[in-house]
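Notes to accompany the following structure.
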Amino acid sequence: MRGQDIVLDQVEITYPNGFRAVEPTSLKVAAGEFFSILGPSGCGKTTILRAVSGFVQPSAGRVLIGGADMAGIGPNARPTALIFQNLALFPLMPVWENVAFGLEARGMPKAARRARAEELLALVALGDQAGKMPGELSGGQRQRVAIARALAVEPAVLLLDEPLSALDLKLRQHMRAELRAIQKKTGVTFIYITHDQGEALTMSDRIAVMNAGRVEQVGTGDEVYSAPQTAFVASFVGEANRLEGCITATAAGMAQIDTPLGHFRARNPAGLGQGQQAVLFVRPEAMQLGAGENRLQARLERRDLEGAFVNLFFVAQGHSIAMHVTNSGAAHLSGDEMQALGFDADQAVILPPGPLARTGQELAAQ
Ligand SMILES: Nc1ncnc2c1ncn2[C@@H]1O[C@H](COP(=O)(O)OP(=O)(O)O)[C@@H](O)[C@H]1O
Ligand SMILES: [Mg+2]
């Protein structure tokens, strides 16, 4: 098997009811890359995948796979295979026949089909399950059968649309490593869609972060986490403390921002100028007790023990500030006293105001 590259060239997708689900988008996914599209529900991830697989035609722009323009080429004629969340195995067929299903249509004789199915089952670590029925397998095993089946037709590109979301947490975490290993072994290009940042960060070579039909940033997990370019990316990928303010000075890639909690210095990747409104983002793990170049005073309100880590929630003049520390670092803290918190300038980023990701609390209140 061999991966092929995918190019979206100014692809725009408007549904027949007039709703534009994807704004003009250009992207290049390298052959053999594990590429994720990460974003909240409804942002257009599945729509992009449909355009790559051929189930939806772009209203404008081009999709190229392996350099070939896919205009007018139907889903069956594309070198892609698709895996959904709710995979459907044939319940009355043994596992190996499920995997070999697509090969019969290609005229492969039964013995060769079985041999190929067993090879693929070994690849997804189910070498000893070929004769079982799907109902005898666990959820994670069934998902791996679906992957083996998709790989049987030797796609150059495997499109995975939230394939793990029906599984429980432990299994999901285990399957991350499995999927990554399968992708590495086969060299097939993976486009993996998820709303789960943990999945995207752990598995991907690169991630496209999407919001409301737009790709806001493309980069490695480290890049989108540590160097977000928009307020949405900073708030959707990981947690972030947020303070609004006005830029008062700039110098050499850094800026100073005047916020209700004081003046702070931080990175200024967007090159914002003096007098502009902006938002400061600081990760909870970048907050320190009694240290750091930027300082503020806050009162501890809640302490959530996670085991190895502790989440501390402070309040400073009505603003909540979260801090994430190792358990040993927070043992002595108690409520009510004011604490000096701090963070270093290179651990914080100042970005232009813009749409933010909704918090878990807001989503739960829906
Ligand atoms: N067939 C359709 N007709 C009209 N609107 C659609 C259709 N399919 C999806 N949409 C809308 O397009 C947007 C993006 O949908 P989708 O790509 O499924 O998002 P995601 O996969 O990121 O959750 C949503 O607002 C959705 O309601
Ligand atoms: Mg979707």
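Chain labels follow the order of the structure tokens: the first chain is A, the next B, and so on; residue numbering restarts at 1 in every chain, and ligands are counted from 1 in their shown order.
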
Do you know which residues are at most 8 Å from Val63 in chain A counting only C-alpha atoms, after dropping those on the same chain fewer than 6 positions away, and could you put them as a list in words?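 The residues that qualify are Ile6, Val7, Leu8, Asp9, Val11, Ala51, Val52, Asp69, Met70 and Ala71 of chain A.
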
Quick one: residues within 7 Å of ligand 2, with only C-alpha atoms and all ligand atoms, as JSON, numbers by chain? {"A": [41, 42, 45, 46, 161]}

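Taking CA of Ser320 in chain A and CA of Arg299 in chain A as endpoints, the distance between them is 9.6 Å.
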
List as a PDB file with N, CA and C atoms, in the first residue's frame the protein and nucleic acid residues lying within 7 Å of ligand 1, with only C-alpha atoms and all ligand atoms counted.
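Result saved to result-v2.pdb:
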```pdb
ATOM      1  N   TYR A  15     -24.223  23.806   0.459  1.00  0.00           N
ATOM      2  CA  TYR A  15     -25.241  22.761   0.299  1.00  0.00           C
ATOM      3  C   TYR A  15     -26.401  23.301  -0.536  1.00  0.00           C
ATOM      4  N   PRO A  16     -27.200  22.384  -1.130  1.00  0.00           N
ATOM      5  CA  PRO A  16     -28.290  22.821  -2.010  1.00  0.00           C
ATOM      6  C   PRO A  16     -29.267  23.799  -1.355  1.00  0.00           C
ATOM      7  N   ASN A  17     -29.392  23.758  -0.025  1.00  0.00           N
ATOM      8  CA  ASN A  17     -30.293  24.717   0.642  1.00  0.00           C
ATOM      9  C   ASN A  17     -29.665  26.098   0.769  1.00  0.00           C
ATOM     10  N   PHE A  19     -26.788  26.830   2.301  1.00  0.00           N
ATOM     11  CA  PHE A  19     -25.898  26.986   3.461  1.00  0.00           C
ATOM     12  C   PHE A  19     -24.450  26.698   3.060  1.00  0.00           C
ATOM     13  N   ALA A  21     -21.165  25.542   4.055  1.00  0.00           N
ATOM     14  CA  ALA A  21     -20.580  24.791   5.169  1.00  0.00           C
ATOM     15  C   ALA A  21     -19.070  24.941   5.210  1.00  0.00           C
ATOM     16  N   GLY A  39     -12.153  20.182  15.193  1.00  0.00           N
ATOM     17  CA  GLY A  39     -13.023  21.343  15.382  1.00  0.00           C
ATOM     18  C   GLY A  39     -14.317  20.926  16.037  1.00  0.00           C
ATOM     19  N   PRO A  40     -15.080  21.899  16.541  1.00  0.00           N
ATOM     20  CA  PRO A  40     -16.331  21.573  17.228  1.00  0.00           C
ATOM     21  C   PRO A  40     -17.365  21.019  16.261  1.00  0.00           C
ATOM     22  N   SER A  41     -18.376  20.402  16.818  1.00  0.00           N
ATOM     23  CA  SER A  41     -19.462  19.831  16.033  1.00  0.00           C
ATOM     24  C   SER A  41     -20.079  20.914  15.139  1.00  0.00           C
ATOM     25  N   GLY A  42     -20.296  20.562  13.873  1.00  0.00           N
ATOM     26  CA  GLY A  42     -20.965  21.487  12.960  1.00  0.00           C
ATOM     27  C   GLY A  42     -20.039  22.456  12.233  1.00  0.00           C
ATOM     28  N   CYS A  43     -18.720  22.343  12.428  1.00  0.00           N
ATOM     29  CA  CYS A  43     -17.810  23.325  11.820  1.00  0.00           C
ATOM     30  C   CYS A  43     -17.480  23.007  10.371  1.00  0.00           C
ATOM     31  N   GLY A  44     -17.867  21.812   9.882  1.00  0.00           N
ATOM     32  CA  GLY A  44     -17.647  21.505   8.474  1.00  0.00           C
ATOM     33  C   GLY A  44     -16.652  20.387   8.207  1.00  0.00           C
ATOM     34  N   LYS A  45     -16.260  19.649   9.239  1.00  0.00           N
ATOM     35  CA  LYS A  45     -15.254  18.585   9.078  1.00  0.00           C
ATOM     36  C   LYS A  45     -15.742  17.488   8.139  1.00  0.00           C
ATOM     37  N   THR A  46     -16.937  16.956   8.430  1.00  0.00           N
ATOM     38  CA  THR A  46     -17.472  15.866   7.618  1.00  0.00           C
ATOM     39  C   THR A  46     -17.699  16.329   6.177  1.00  0.00           C
ATOM     40  N   THR A  47     -18.099  17.589   6.027  1.00  0.00           N
ATOM     41  CA  THR A  47     -18.334  18.123   4.687  1.00  0.00           C
ATOM     42  C   THR A  47     -17.037  18.097   3.867  1.00  0.00           C
ATOM     43  N   ILE A  48     -15.922  18.471   4.476  1.00  0.00           N
ATOM     44  CA  ILE A  48     -14.634  18.420   3.767  1.00  0.00           C
ATOM     45  C   ILE A  48     -14.302  16.976   3.392  1.00  0.00           C
TER      46      ILE A  48
END
```

When distances are computed from only C-alpha atoms, which of A:Gly107, A:Pro58, A:Gly354, A:Pro94 shows the smallest separation from Leu137 in chain A?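 Nearest to Leu137 in chain A: A:Pro94.
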
Could you name the residues that touch Gly318 in chain A at 12 Å or less, counting only C-alpha atoms, but leaving out those on the same chain fewer than 5 positions away, as a PDB file with all heavy atoms, in the first residue's frame?
```
ATOM      1  N   LEU A 243      -7.434  37.079  29.293  1.00  0.00           N
ATOM      2  CA  LEU A 243      -7.647  38.442  29.802  1.00  0.00           C
ATOM      3  C   LEU A 243      -7.669  39.408  28.629  1.00  0.00           C
ATOM      4  O   LEU A 243      -6.750  39.416  27.805  1.00  0.00           O
ATOM      5  CB  LEU A 243      -6.516  38.842  30.761  1.00  0.00           C
ATOM      6  CG  LEU A 243      -6.543  38.215  32.159  1.00  0.00           C
ATOM      7  CD1 LEU A 243      -5.239  38.538  32.891  1.00  0.00           C
ATOM      8  CD2 LEU A 243      -7.739  38.729  32.960  1.00  0.00           C
ATOM      9  N   PRO A 260      -7.408  44.331  33.123  1.00  0.00           N
ATOM     10  CA  PRO A 260      -7.954  44.690  34.444  1.00  0.00           C
ATOM     11  C   PRO A 260      -7.088  44.172  35.595  1.00  0.00           C
ATOM     12  O   PRO A 260      -7.213  44.653  36.720  1.00  0.00           O
ATOM     13  CB  PRO A 260      -9.323  44.010  34.459  1.00  0.00           C
ATOM     14  CG  PRO A 260      -9.683  43.825  33.021  1.00  0.00           C
ATOM     15  CD  PRO A 260      -8.393  43.629  32.299  1.00  0.00           C
ATOM     16  N   LEU A 261      -6.219  43.194  35.335  1.00  0.00           N
ATOM     17  CA  LEU A 261      -5.384  42.653  36.416  1.00  0.00           C
ATOM     18  C   LEU A 261      -3.957  43.182  36.379  1.00  0.00           C
ATOM     19  O   LEU A 261      -3.103  42.706  37.120  1.00  0.00           O
ATOM     20  CB  LEU A 261      -5.373  41.124  36.367  1.00  0.00           C
ATOM     21  CG  LEU A 261      -6.730  40.431  36.516  1.00  0.00           C
ATOM     22  CD1 LEU A 261      -6.553  38.934  36.636  1.00  0.00           C
ATOM     23  CD2 LEU A 261      -7.499  40.976  37.725  1.00  0.00           C
ATOM     24  N   GLN A 297      -2.190  39.139  41.849  1.00  0.00           N
ATOM     25  CA  GLN A 297      -2.639  38.639  43.144  1.00  0.00           C
ATOM     26  C   GLN A 297      -3.990  37.953  42.972  1.00  0.00           C
ATOM     27  O   GLN A 297      -4.865  38.493  42.300  1.00  0.00           O
ATOM     28  CB  GLN A 297      -2.813  39.800  44.138  1.00  0.00           C
ATOM     29  CG  GLN A 297      -1.527  40.516  44.511  1.00  0.00           C
ATOM     30  CD  GLN A 297      -0.688  39.693  45.466  1.00  0.00           C
ATOM     31  OE1 GLN A 297      -1.212  39.067  46.387  1.00  0.00           O
ATOM     32  NE2 GLN A 297       0.620  39.673  45.232  1.00  0.00           N
ATOM     33  N   ALA A 298      -4.157  36.779  43.580  1.00  0.00           N
ATOM     34  CA  ALA A 298      -5.439  36.085  43.453  1.00  0.00           C
ATOM     35  C   ALA A 298      -5.691  35.233  44.685  1.00  0.00           C
ATOM     36  O   ALA A 298      -4.770  34.879  45.421  1.00  0.00           O
ATOM     37  CB  ALA A 298      -5.427  35.215  42.202  1.00  0.00           C
ATOM     38  N   ARG A 299      -6.964  34.937  44.883  1.00  0.00           N
ATOM     39  CA  ARG A 299      -7.358  34.131  46.042  1.00  0.00           C
ATOM     40  C   ARG A 299      -7.764  32.736  45.560  1.00  0.00           C
ATOM     41  O   ARG A 299      -8.507  32.604  44.581  1.00  0.00           O
ATOM     42  CB  ARG A 299      -8.531  34.817  46.746  1.00  0.00           C
ATOM     43  CG  ARG A 299      -8.931  34.227  48.082  1.00  0.00           C
ATOM     44  CD  ARG A 299     -10.028  35.100  48.731  1.00  0.00           C
ATOM     45  NE  ARG A 299     -11.075  35.459  47.775  1.00  0.00           N
ATOM     46  CZ  ARG A 299     -12.021  34.612  47.353  1.00  0.00           C
ATOM     47  NH1 ARG A 299     -12.075  33.380  47.804  1.00  0.00           N
ATOM     48  NH2 ARG A 299     -12.918  35.022  46.490  1.00  0.00           N
ATOM     49  N   GLU A 301      -9.826  29.567  45.243  1.00  0.00           N
ATOM     50  CA  GLU A 301     -11.232  29.293  45.487  1.00  0.00           C
ATOM     51  C   GLU A 301     -11.552  27.811  45.538  1.00  0.00           C
ATOM     52  O   GLU A 301     -12.414  27.372  46.286  1.00  0.00           O
ATOM     53  CB  GLU A 301     -12.074  29.952  44.401  1.00  0.00           C
ATOM     54  CG  GLU A 301     -13.269  30.602  45.039  1.00  0.00           C
ATOM     55  CD  GLU A 301     -14.195  31.209  44.030  1.00  0.00           C
ATOM     56  OE1 GLU A 301     -14.351  30.649  42.926  1.00  0.00           O
ATOM     57  OE2 GLU A 301     -14.790  32.227  44.370  1.00  0.00           O
TER      58      GLU A 301
END
```

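The nearest approach to Ile37 in chain A among the residues A:Pro353, A:Pro284, A:Gly342, A:Gly221, with only C-alpha atoms taken into account, belongs to A:Gly221.
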
Give me the residues near Ser204 in chain A as a PyMOL selection string, where near means some atom within 9 Å (using only C-alpha atoms) and where sequence neighbours in that chain fewer than 5 positions away do not count. chain A and resi 33-36+180+192+199+220-221

Neighbouring residues of range 289-293 of chain A were defined as those with any atom within 8 Å, considering only C-alpha atoms; residues of the same chain fewer than 6 positions away were excluded. Please report them as a list in words. Gln339, Ala340, Leu341, Gly342, Phe343, Asp344 and Ala345 of chain A

Could you write those residues out with C-alpha atoms, as an mmCIF file, in the first residue's frame?
```cif
data_model
loop_
_atom_site.group_PDB
_atom_site.id
_atom_site.type_symbol
_atom_site.label_atom_id
_atom_site.label_comp_id
_atom_site.auth_asym_id
_atom_site.auth_seq_id
_atom_site.Cartn_x
_atom_site.Cartn_y
_atom_site.Cartn_z
ATOM 1 C CA GLN A 339 -1.425 34.355 46.600
ATOM 2 C CA ALA A 340 1.125 35.880 44.264
ATOM 3 C CA LEU A 341 0.750 34.149 40.900
ATOM 4 C CA GLY A 342 3.002 34.661 37.940
ATOM 5 C CA PHE A 343 3.868 33.593 34.424
ATOM 6 C CA ASP A 344 6.754 34.187 32.082
ATOM 7 C CA ALA A 345 6.304 36.391 29.032
#
```

Using only C-alpha atoms, the best pick from A:Val310, A:Ala117, A:Ile193, A:Ile257 as closest to Glu285 in chain A would be A:Val310

I'd like the contact shell of range 346-351 of chain A - 6 Å cut-off, only C-alpha atoms, skipping same-chain residues fewer than 6 positions apart - returned as a ChimeraX atom specification. /A:266-268,278-282

Under the rule that only C-alpha atoms are counted, which of A:Phe236, A:Trp96, A:Phe90, A:Tyr225 is the nearest residue to Ala357 in chain A? A:Phe236

Taking only C-alpha atoms into account, name the residue in A:Leu164, A:Ala156, A:Met108, A:Ala150 that is nearest to Gln4 in chain A.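 That would be A:Ala156, the residue with the smallest distance to Gln4 in chain A.
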
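Proximity ranking of A:Met287, A:Ala77, A:Leu38, A:Leu103 relative to Arg149 in chain A places A:Leu103 first, based on only C-alpha atoms.
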
Write out as a list in words each polymer residue whose atoms come within 12 Å of Met133 in chain A, counting only C-alpha atoms; drop sequence neighbours fewer than 4 positions from it.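 Using only C-alpha atoms, the neighbours found are Leu89, Phe90, Pro91, Leu92, Met93, Pro94, Val95, Trp96, Glu97, Asn98, Val99, Gln129, Leu137, Ser138, Gln141, Arg142 and Val145 of chain A.
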
Restricting the output to C-alpha atoms, write the selected residues as a PDB file, in the first residue's frame.
```
ATOM      1  CA  LEU A  89     -20.028  -5.216   9.839  1.00  0.00           C
ATOM      2  CA  PHE A  90     -22.081  -8.053   8.356  1.00  0.00           C
ATOM      3  CA  PRO A  91     -23.232  -9.884  11.482  1.00  0.00           C
ATOM      4  CA  LEU A  92     -23.705 -13.284   9.840  1.00  0.00           C
ATOM      5  CA  MET A  93     -20.304 -13.371   8.154  1.00  0.00           C
ATOM      6  CA  PRO A  94     -17.160 -14.441   9.952  1.00  0.00           C
ATOM      7  CA  VAL A  95     -14.600 -11.731  10.566  1.00  0.00           C
ATOM      8  CA  TRP A  96     -12.322 -12.736   7.694  1.00  0.00           C
ATOM      9  CA  GLU A  97     -15.190 -12.619   5.186  1.00  0.00           C
ATOM     10  CA  ASN A  98     -16.104  -9.165   6.423  1.00  0.00           C
ATOM     11  CA  VAL A  99     -12.542  -8.053   5.737  1.00  0.00           C
ATOM     12  CA  GLN A 129      -9.846 -13.824  15.350  1.00  0.00           C
ATOM     13  CA  LEU A 137     -15.738  -9.308  19.391  1.00  0.00           C
ATOM     14  CA  SER A 138     -15.407  -6.242  21.615  1.00  0.00           C
ATOM     15  CA  GLN A 141     -11.935  -5.248  17.965  1.00  0.00           C
ATOM     16  CA  ARG A 142     -14.899  -4.596  15.679  1.00  0.00           C
ATOM     17  CA  VAL A 145     -12.048  -5.220  11.664  1.00  0.00           C
TER      18      VAL A 145
END
```
